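Engineer: Take a look at target38.tsv, TSV, C-alpha atoms:
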chain	number	residue	atom	x	y	z
A	1	MET	CA	-56.18	-12.12	-46.12
A	2	VAL	CA	-52.81	-13.60	-45.32
A	3	VAL	CA	-50.30	-11.36	-43.64
A	4	GLU	CA	-46.74	-12.45	-44.06
A	5	ILE	CA	-44.06	-11.25	-41.72
A	6	SER	CA	-40.51	-11.97	-42.75
A	7	GLY	CA	-38.06	-13.41	-40.26
A	8	GLY	CA	-35.91	-10.30	-40.34
A	9	ALA	CA	-38.83	-7.97	-39.59
A	10	LEU	CA	-39.93	-10.20	-36.72
A	11	ALA	CA	-36.41	-10.21	-35.31
A	12	VAL	CA	-36.21	-6.42	-35.48
A	13	PHE	CA	-39.66	-6.15	-33.84
A	14	ALA	CA	-38.71	-8.54	-31.04
A	15	THR	CA	-35.42	-6.69	-30.49
A	16	LEU	CA	-37.29	-3.36	-30.34
A	17	VAL	CA	-39.78	-4.66	-27.77
A	18	GLY	CA	-36.87	-6.16	-25.82
A	19	LEU	CA	-35.18	-2.79	-25.96
A	20	LYS	CA	-38.25	-1.08	-24.52
A	21	ILE	CA	-38.53	-3.64	-21.72
A	22	ALA	CA	-34.84	-3.24	-20.91
A	23	VAL	CA	-35.30	0.54	-20.76
A	24	PHE	CA	-38.41	0.25	-18.56
A	25	LEU	CA	-36.74	-2.22	-16.21
A	26	GLY	CA	-33.58	-0.13	-16.02
A	27	VAL	CA	-35.42	3.11	-15.33
A	28	PHE	CA	-37.79	1.46	-12.86
A	29	CYS	CA	-34.94	-0.13	-10.91
A	30	LEU	CA	-33.15	3.22	-10.93
A	31	SER	CA	-36.20	5.01	-9.54
A	32	LEU	CA	-36.65	2.35	-6.84
A	33	LEU	CA	-32.97	2.76	-5.98
A	34	ILE	CA	-33.33	6.53	-5.68
A	35	ILE	CA	-36.41	6.15	-3.45
A	36	SER	CA	-34.59	3.57	-1.34
A	37	ILE	CA	-31.56	5.87	-0.96
A	38	SER	CA	-33.76	8.84	-0.09
A	39	LYS	CA	-35.39	6.79	2.67
A	40	ASN	CA	-31.89	6.12	4.09
A	41	LYS	CA	-32.38	2.39	4.20
A	42	LYS	CA	-29.00	0.74	3.92
A	43	ASN	CA	-29.36	-2.87	2.86
A	44	SER	CA	-28.18	-5.30	0.22
A	45	SER	CA	-31.18	-4.63	-1.99
A	46	GLN	CA	-29.59	-1.31	-3.00
A	47	LEU	CA	-26.62	-3.16	-4.50
A	48	GLY	CA	-29.04	-5.41	-6.34
A	49	LEU	CA	-31.04	-2.49	-7.69
A	50	THR	CA	-27.83	-0.76	-8.82
A	51	LEU	CA	-26.63	-3.87	-10.65
A	52	MET	CA	-30.05	-4.43	-12.23
A	53	SER	CA	-30.54	-0.87	-13.41
A	54	GLY	CA	-26.98	-0.55	-14.76
A	55	SER	CA	-27.04	-3.83	-16.62
A	56	PHE	CA	-30.49	-3.33	-18.12
A	57	ILE	CA	-29.69	0.18	-19.33
A	58	LEU	CA	-26.45	-1.08	-20.90
A	59	ILE	CA	-28.36	-3.95	-22.54
A	60	ALA	CA	-30.78	-1.39	-23.95
A	61	VAL	CA	-27.90	0.66	-25.37
A	62	LEU	CA	-26.30	-2.41	-26.97
A	63	GLU	CA	-29.64	-3.56	-28.40
A	64	LEU	CA	-30.08	-0.07	-29.81
A	65	PHE	CA	-26.73	-0.36	-31.57
A	66	ARG	CA	-27.79	-3.74	-32.91
A	67	VAL	CA	-31.16	-2.51	-34.19
A	68	MET	CA	-29.89	0.65	-35.83
A	69	GLU	CA	-26.86	-1.15	-37.21
A	70	LEU	CA	-24.65	1.60	-35.96
A	71	ALA	CA	-21.91	-0.92	-35.47
A	72	ASN	CA	-20.57	-0.38	-38.98
A	73	GLY	CA	-18.10	2.42	-38.70
A	74	PHE	CA	-19.47	3.82	-35.45
A	75	LEU	CA	-17.06	2.15	-33.10
A	76	PRO	CA	-14.67	-0.46	-34.53
A	77	ILE	CA	-15.00	-2.69	-31.45
A	78	LEU	CA	-18.78	-2.95	-31.99
A	79	ALA	CA	-18.32	-4.38	-35.49
A	80	ASN	CA	-17.54	-7.71	-33.87
A	81	GLN	CA	-20.87	-9.49	-33.36
A	82	ASP	CA	-19.31	-11.88	-30.83
A	83	PHE	CA	-18.48	-8.90	-28.67
A	84	ILE	CA	-22.12	-7.73	-28.57
A	85	GLU	CA	-23.50	-11.26	-28.04
A	86	ILE	CA	-21.16	-12.04	-25.14
A	87	THR	CA	-21.51	-8.60	-23.59
A	88	VAL	CA	-25.33	-8.85	-23.63
A	89	GLU	CA	-25.13	-12.34	-22.11
A	90	VAL	CA	-22.72	-11.17	-19.39
A	91	LEU	CA	-24.93	-8.15	-18.66
A	92	PHE	CA	-27.91	-10.48	-18.45
A	93	ILE	CA	-26.02	-12.58	-15.90
A	94	ILE	CA	-25.17	-9.43	-13.92
A	95	GLY	CA	-28.84	-8.41	-14.04
A	96	GLY	CA	-29.83	-11.83	-12.71
A	97	PHE	CA	-27.19	-11.51	-10.05
A	98	GLY	CA	-28.57	-8.10	-9.09
A	99	LEU	CA	-32.03	-9.63	-8.86
A	100	LEU	CA	-30.59	-12.29	-6.55
A	101	ASN	CA	-29.05	-9.60	-4.33
A	102	TYR	CA	-32.29	-7.60	-4.34
A	103	LEU	CA	-34.32	-10.67	-3.37
A	104	LYS	CA	-31.84	-11.41	-0.58
A	105	GLY	CA	-32.41	-7.95	0.91
A	106	PHE	CA	-36.14	-8.18	0.25
A	107	LYS	CA	-36.40	-11.50	2.07
A	108	ARG	CA	-34.45	-10.22	5.05
A	109	GLU	CA	-36.20	-6.91	5.55
A	110	GLY	CA	-39.41	-7.03	3.55
B	1	MET	CA	-21.62	-13.91	-1.89
B	2	LYS	CA	-18.77	-11.36	-2.04
B	3	GLY	CA	-16.43	-13.83	-3.77
B	4	LEU	CA	-19.15	-14.55	-6.30
B	5	ASN	CA	-19.59	-10.80	-6.87
B	6	VAL	CA	-15.88	-10.43	-7.67
B	7	PHE	CA	-16.01	-13.44	-10.00
B	8	VAL	CA	-18.99	-12.04	-11.92
B	9	PHE	CA	-17.32	-8.63	-12.31
B	10	LEU	CA	-14.13	-10.23	-13.61
B	11	LEU	CA	-16.24	-12.19	-16.06
B	12	ALA	CA	-18.00	-9.03	-17.15
B	13	PHE	CA	-14.81	-7.14	-17.94
B	14	VAL	CA	-12.49	-9.82	-19.27
B	15	LEU	CA	-14.64	-12.00	-21.52
B	16	PRO	CA	-16.12	-9.35	-23.85
B	17	LEU	CA	-12.67	-7.83	-24.37
B	18	VAL	CA	-11.21	-11.23	-25.21
B	19	ALA	CA	-14.12	-11.84	-27.56
B	20	ALA	CA	-13.45	-8.53	-29.27
B	21	GLN	CA	-9.85	-9.54	-29.95
B	22	GLU	CA	-10.50	-13.07	-31.20
B	23	GLU	CA	-11.38	-13.75	-34.79
B	24	ALA	CA	-12.36	-17.40	-34.37
B	25	THR	CA	-14.99	-18.84	-32.02
B	26	LEU	CA	-13.91	-18.29	-28.46
B	27	LYS	CA	-13.40	-21.46	-26.48
B	28	ILE	CA	-12.31	-22.23	-22.92
B	29	VAL	CA	-11.13	-25.81	-22.26
B	30	GLY	CA	-12.79	-26.92	-25.48
B	31	VAL	CA	-16.19	-25.49	-24.56
B	32	GLU	CA	-17.64	-22.45	-26.30
B	33	VAL	CA	-17.94	-19.32	-24.18
B	34	GLY	CA	-21.63	-18.97	-25.10
B	35	THR	CA	-22.38	-22.38	-23.58
B	36	ILE	CA	-20.49	-21.50	-20.39
B	37	MET	CA	-22.46	-18.25	-20.20
B	38	HIS	CA	-25.75	-20.11	-20.55
B	39	PHE	CA	-24.75	-22.49	-17.75
B	40	ILE	CA	-23.78	-19.58	-15.47
B	41	SER	CA	-27.00	-17.68	-16.14
B	42	PHE	CA	-29.00	-20.88	-15.63
B	43	ALA	CA	-27.35	-21.30	-12.21
B	44	VAL	CA	-27.99	-17.64	-11.29
B	45	PHE	CA	-31.67	-17.77	-12.26
B	46	LEU	CA	-32.12	-21.14	-10.59
B	47	ALA	CA	-30.72	-19.67	-7.36
B	48	ALA	CA	-33.00	-16.63	-7.77
B	49	SER	CA	-36.06	-18.82	-8.28
B	50	VAL	CA	-35.18	-20.95	-5.24
B	51	MET	CA	-34.93	-17.70	-3.25
B	52	ALA	CA	-38.25	-16.56	-4.75
B	53	PHE	CA	-39.92	-19.76	-3.51
B	54	GLY	CA	-38.47	-19.02	-0.06
B	55	ILE	CA	-39.90	-15.49	-0.28
B	56	ALA	CA	-43.29	-16.91	-1.31
B	57	LYS	CA	-43.21	-19.15	1.77
B	58	LYS	CA	-42.21	-16.31	4.08
B	59	PHE	CA	-44.61	-13.66	2.79
B	60	SER	CA	-47.69	-15.79	2.19
B	61	GLY	CA	-50.66	-14.07	3.80
B	62	GLY	CA	-48.68	-10.89	4.43
B	63	ARG	CA	-48.86	-7.52	2.72
B	64	PHE	CA	-46.55	-8.65	-0.11
B	65	ALA	CA	-48.71	-11.70	-0.88
B	66	SER	CA	-50.19	-10.10	-4.01
B	67	ALA	CA	-46.72	-9.41	-5.46
B	68	VAL	CA	-45.40	-12.96	-5.07
B	69	PRO	CA	-46.94	-14.51	-8.24
B	70	TYR	CA	-45.37	-11.74	-10.34
B	71	LEU	CA	-41.99	-12.78	-8.96
B	72	LEU	CA	-42.35	-16.55	-9.26
B	73	LEU	CA	-43.56	-16.57	-12.85
B	74	PRO	CA	-40.77	-14.56	-14.56
B	75	LEU	CA	-38.03	-16.32	-12.63
B	76	THR	CA	-39.39	-19.74	-13.54
B	77	MET	CA	-39.72	-18.59	-17.15
B	78	LEU	CA	-36.17	-17.26	-17.25
B	79	THR	CA	-34.81	-20.49	-15.75
B	80	GLY	CA	-36.79	-22.45	-18.35
B	81	MET	CA	-35.50	-20.17	-21.08
B	82	GLU	CA	-31.89	-20.73	-20.06
B	83	SER	CA	-32.41	-24.50	-19.95
B	84	LEU	CA	-33.92	-24.28	-23.46
B	85	GLU	CA	-30.84	-22.32	-24.58
B	86	ILE	CA	-28.58	-25.06	-23.19
B	87	ILE	CA	-30.63	-27.71	-25.02
B	88	GLY	CA	-30.39	-25.56	-28.16
B	89	GLU	CA	-26.59	-25.33	-27.87
B	90	THR	CA	-26.31	-29.11	-27.92
B	91	THR	CA	-28.54	-29.40	-31.02
B	92	PRO	CA	-27.34	-26.85	-33.60
B	93	LYS	CA	-30.17	-27.65	-36.04
B	94	LEU	CA	-32.75	-26.63	-33.44
B	95	TYR	CA	-30.77	-23.55	-32.42
B	96	GLY	CA	-30.57	-22.36	-36.01
B	97	SER	CA	-34.32	-22.43	-36.55
B	98	LEU	CA	-36.19	-19.13	-36.51
B	99	TYR	CA	-39.12	-20.47	-34.46
B	100	PHE	CA	-36.83	-21.59	-31.66
B	101	SER	CA	-34.93	-18.31	-31.36
B	102	HIS	CA	-38.13	-16.24	-31.54
B	103	SER	CA	-39.90	-18.36	-28.94
B	104	ILE	CA	-36.94	-17.83	-26.63
B	105	GLN	CA	-37.16	-14.08	-27.23
B	106	ILE	CA	-40.90	-14.10	-26.53
B	107	LEU	CA	-40.27	-15.97	-23.25
B	108	GLN	CA	-37.78	-13.29	-22.31
B	109	LEU	CA	-40.20	-10.51	-23.22
B	110	VAL	CA	-43.09	-11.95	-21.17
B	111	ALA	CA	-40.74	-12.49	-18.22
B	112	GLY	CA	-39.64	-8.85	-18.54
B	113	PHE	CA	-43.28	-7.68	-18.46
B	114	TYR	CA	-43.96	-9.68	-15.32
B	115	LEU	CA	-40.75	-8.46	-13.67
B	116	ILE	CA	-41.77	-4.84	-14.29
B	117	ASN	CA	-45.16	-5.71	-12.81
B	118	PHE	CA	-43.49	-7.19	-9.72
B	119	LEU	CA	-41.33	-4.11	-9.17
B	120	TYR	CA	-44.38	-1.87	-9.59
B	121	LYS	CA	-46.37	-3.93	-7.07
B	122	VAL	CA	-43.49	-3.75	-4.58
B	123	TYR	CA	-43.26	0.00	-5.16
B	124	GLN	CA	-47.01	0.36	-4.58
B	125	ILE	CA	-47.02	-1.70	-1.39
B	126	LYS	CA	-43.72	-0.53	0.06
B	127	TYR	CA	-43.48	3.15	-0.81
B	128	SER	CA	-46.59	4.72	-2.28
B	129	THR	CA	-48.89	3.58	0.55
B	130	GLU	CA	-46.29	4.07	3.26
B	131	GLY	CA	-47.57	7.47	4.38
B	132	PHE	CA	-51.15	6.29	4.44
B	133	ILE	CA	-50.38	3.12	6.41
B	134	ALA	CA	-48.20	5.07	8.86
B	135	MET	CA	-51.03	7.58	9.33
B	136	GLU	CA	-53.59	4.82	9.90
B	137	ASN	CA	-51.31	3.04	12.35
B	138	LYS	CA	-50.70	6.28	14.23
B	139	LYS	CA	-54.46	6.85	14.41
B	140	ASN	CA	-55.00	3.33	15.74
B	141	GLY	CA	-52.07	3.60	18.15
B	142	ARG	CA	-49.98	0.94	16.40
B	143	ARG	CA	-46.31	1.00	15.46
B	144	ASN	CA	-45.16	0.69	11.84
Please re-express this file's structure in structure tokens.
Structural biologist:
Amino acid sequence: MVVEISGGALAVFATLVGLKIAVFLGVFCLSLLIISISKNKKNSSQLGLTLMSGSFILIAVLELFRVMELANGFLPILANQDFIEITVEVLFIIGGFGLLNYLKGFKREG
Amino acid sequence: MKGLNVFVFLLAFVLPLVAAQEEATLKIVGVEVGTIMHFISFAVFLAASVMAFGIAKKFSGGRFASAVPYLLLPLTMLTGMESLEIIGETTPKLYGSLYFSHSIQILQLVAGFYLINFLYKVYQIKYSTEGFIAMENKKNGRRN
């Protein structure tokens, strides 16, 4: 039996899995941040965790808009695909930057 | 690092808004914004992976030793992914193909899985066993 998956379906599937990973990462970073704050440890890894959680959750929201095609008529600014592409890329950079900050704190204090 | 933080935040707020206003492809000094973004993210992930190698060197044999592979792998994958994206930007025929874009997405997904795994390992080692280790150390007369 040959199972054919169209390109569009695969793209939607990959975006959905990406969405879940973004949500997991965002929520996990947020929980680590809350634990870190509750332990009263002030270091640069908290800034990194904040950046990571914020950017990943925002990426998840934007991916959700993309998957559900809510862009049409939902918010006029979201109708522009360039806007979503560049915003996701910038958020990805901020997430990477947060990871860099987190690793800096992690290396210093363990 | 602080100057870089300010630069990244400016980038985050200004560029998407400019992109939302422009009808045509957005370009800065003749180079597409997407390409510039890929270069910036490549630099960020390269710096993160260099730092990860430093961490691997520092923590080898310590209590975080089991978490180090889960950090090295996703960062290397993300750096590789960004370099693939840059190669793809220079060859539009390759960038347009479905296989290429999906393989990039799969790389990103696997890196995400490993990154979650790393954070979970760090959580396990750092926080969830903290009480137990402190108790054991107290019993053995050692400091945390």
Engineer: Please compute the atom CA of Met52 of chain A-atom CA of Leu73 of chain B distance, one decimal, in Å.
Structural biologist: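 Interatomic distance, atom CA of Met52 of chain A to atom CA of Leu73 of chain B: 18.2 Å.
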Engineer: Atom CA of Arg66 of chain A and atom CA of Leu84 of chain B, how far apart in Å?
Structural biologist: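 Computing the Euclidean distance for atom CA of Leu84 of chain B and atom CA of Arg66 of chain A yields 23.4 Å.
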Engineer: Tell me which protein, DNA and RNA residues are within 10 Å of Val23 of chain A, counting only C-alpha atoms, leaving out same-chain ones fewer than 2 positions away, and put them as a ChimeraX atom specification.
Structural biologist: /A:17-21,25-29,53,56-61
Engineer: Could the residues of chain A that have an atom at most 8 Å from chain B be listed as a Markdown table, each with its closest atom pair and the distance in Å to one decimal, counting only C-alpha atoms and ordered by chain and ascending residue number?
Structural biologist:
| residue | atom | partner | partner_atom | distance |
| --- | --- | --- | --- | --- |
| A:Gly7 | CA | B:Leu98 | CA | 7.1 |
| A:Ala11 | CA | B:His102 | CA | 7.3 |
| A:Ala14 | CA | B:Gln105 | CA | 6.9 |
| A:Val17 | CA | B:Leu109 | CA | 7.4 |
| A:Gly18 | CA | B:Leu109 | CA | 6.1 |
| A:Ile21 | CA | B:Gly112 | CA | 6.2 |
| A:Ala22 | CA | B:Gly112 | CA | 7.8 |
| A:Phe24 | CA | B:Ile116 | CA | 7.4 |
| A:Leu25 | CA | B:Ile116 | CA | 6.0 |
| A:Phe28 | CA | B:Leu119 | CA | 7.6 |
| A:Cys29 | CA | B:Leu119 | CA | 7.7 |
| A:Leu32 | CA | B:Tyr123 | CA | 7.2 |
| A:Ile77 | CA | B:Ala20 | CA | 6.4 |
| A:Asn80 | CA | B:Ala20 | CA | 6.2 |
| A:Asp82 | CA | B:Ala19 | CA | 6.1 |
| A:Phe83 | CA | B:Ala20 | CA | 5.1 |
| A:Ile84 | CA | B:Pro16 | CA | 7.8 |
| A:Ile86 | CA | B:Pro16 | CA | 5.9 |
| A:Thr87 | CA | B:Pro16 | CA | 5.4 |
| A:Glu89 | CA | B:Met37 | CA | 6.8 |
| A:Val90 | CA | B:Ala12 | CA | 5.6 |
| A:Leu91 | CA | B:Ala12 | CA | 7.1 |
| A:Phe92 | CA | B:Ser41 | CA | 7.6 |
| A:Ile93 | CA | B:Ser41 | CA | 5.2 |
| A:Ile94 | CA | B:Val8 | CA | 7.0 |
| A:Gly96 | CA | B:Phe45 | CA | 6.2 |
| A:Phe97 | CA | B:Val44 | CA | 6.3 |
| A:Leu99 | CA | B:Ala48 | CA | 7.2 |
| A:Leu100 | CA | B:Ala48 | CA | 5.1 |
| A:Leu103 | CA | B:Met51 | CA | 7.1 |
| A:Lys104 | CA | B:Met51 | CA | 7.5 |
| A:Lys107 | CA | B:Ile55 | CA | 5.8 |
Engineer: In Å, how far is it from atom CA of Phe39 of chain B to atom CA of Glu82 of chain B?
Structural biologist: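 Separating atom CA of Phe39 of chain B from atom CA of Glu82 of chain B is a distance of 7.7 Å.
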Engineer: Put the listed atoms of segment 44-55 of chain A in a box along x, y and z with 8 Å added on every side and give me the centre and edge lengths in Å to one decimal, as lines of an AutoDock Vina configuration file.
Structural biologist:
center_x = -28.9
center_y = -3.0
center_z = -8.2
size_x = 20.6
size_y = 20.9
size_z = 32.8
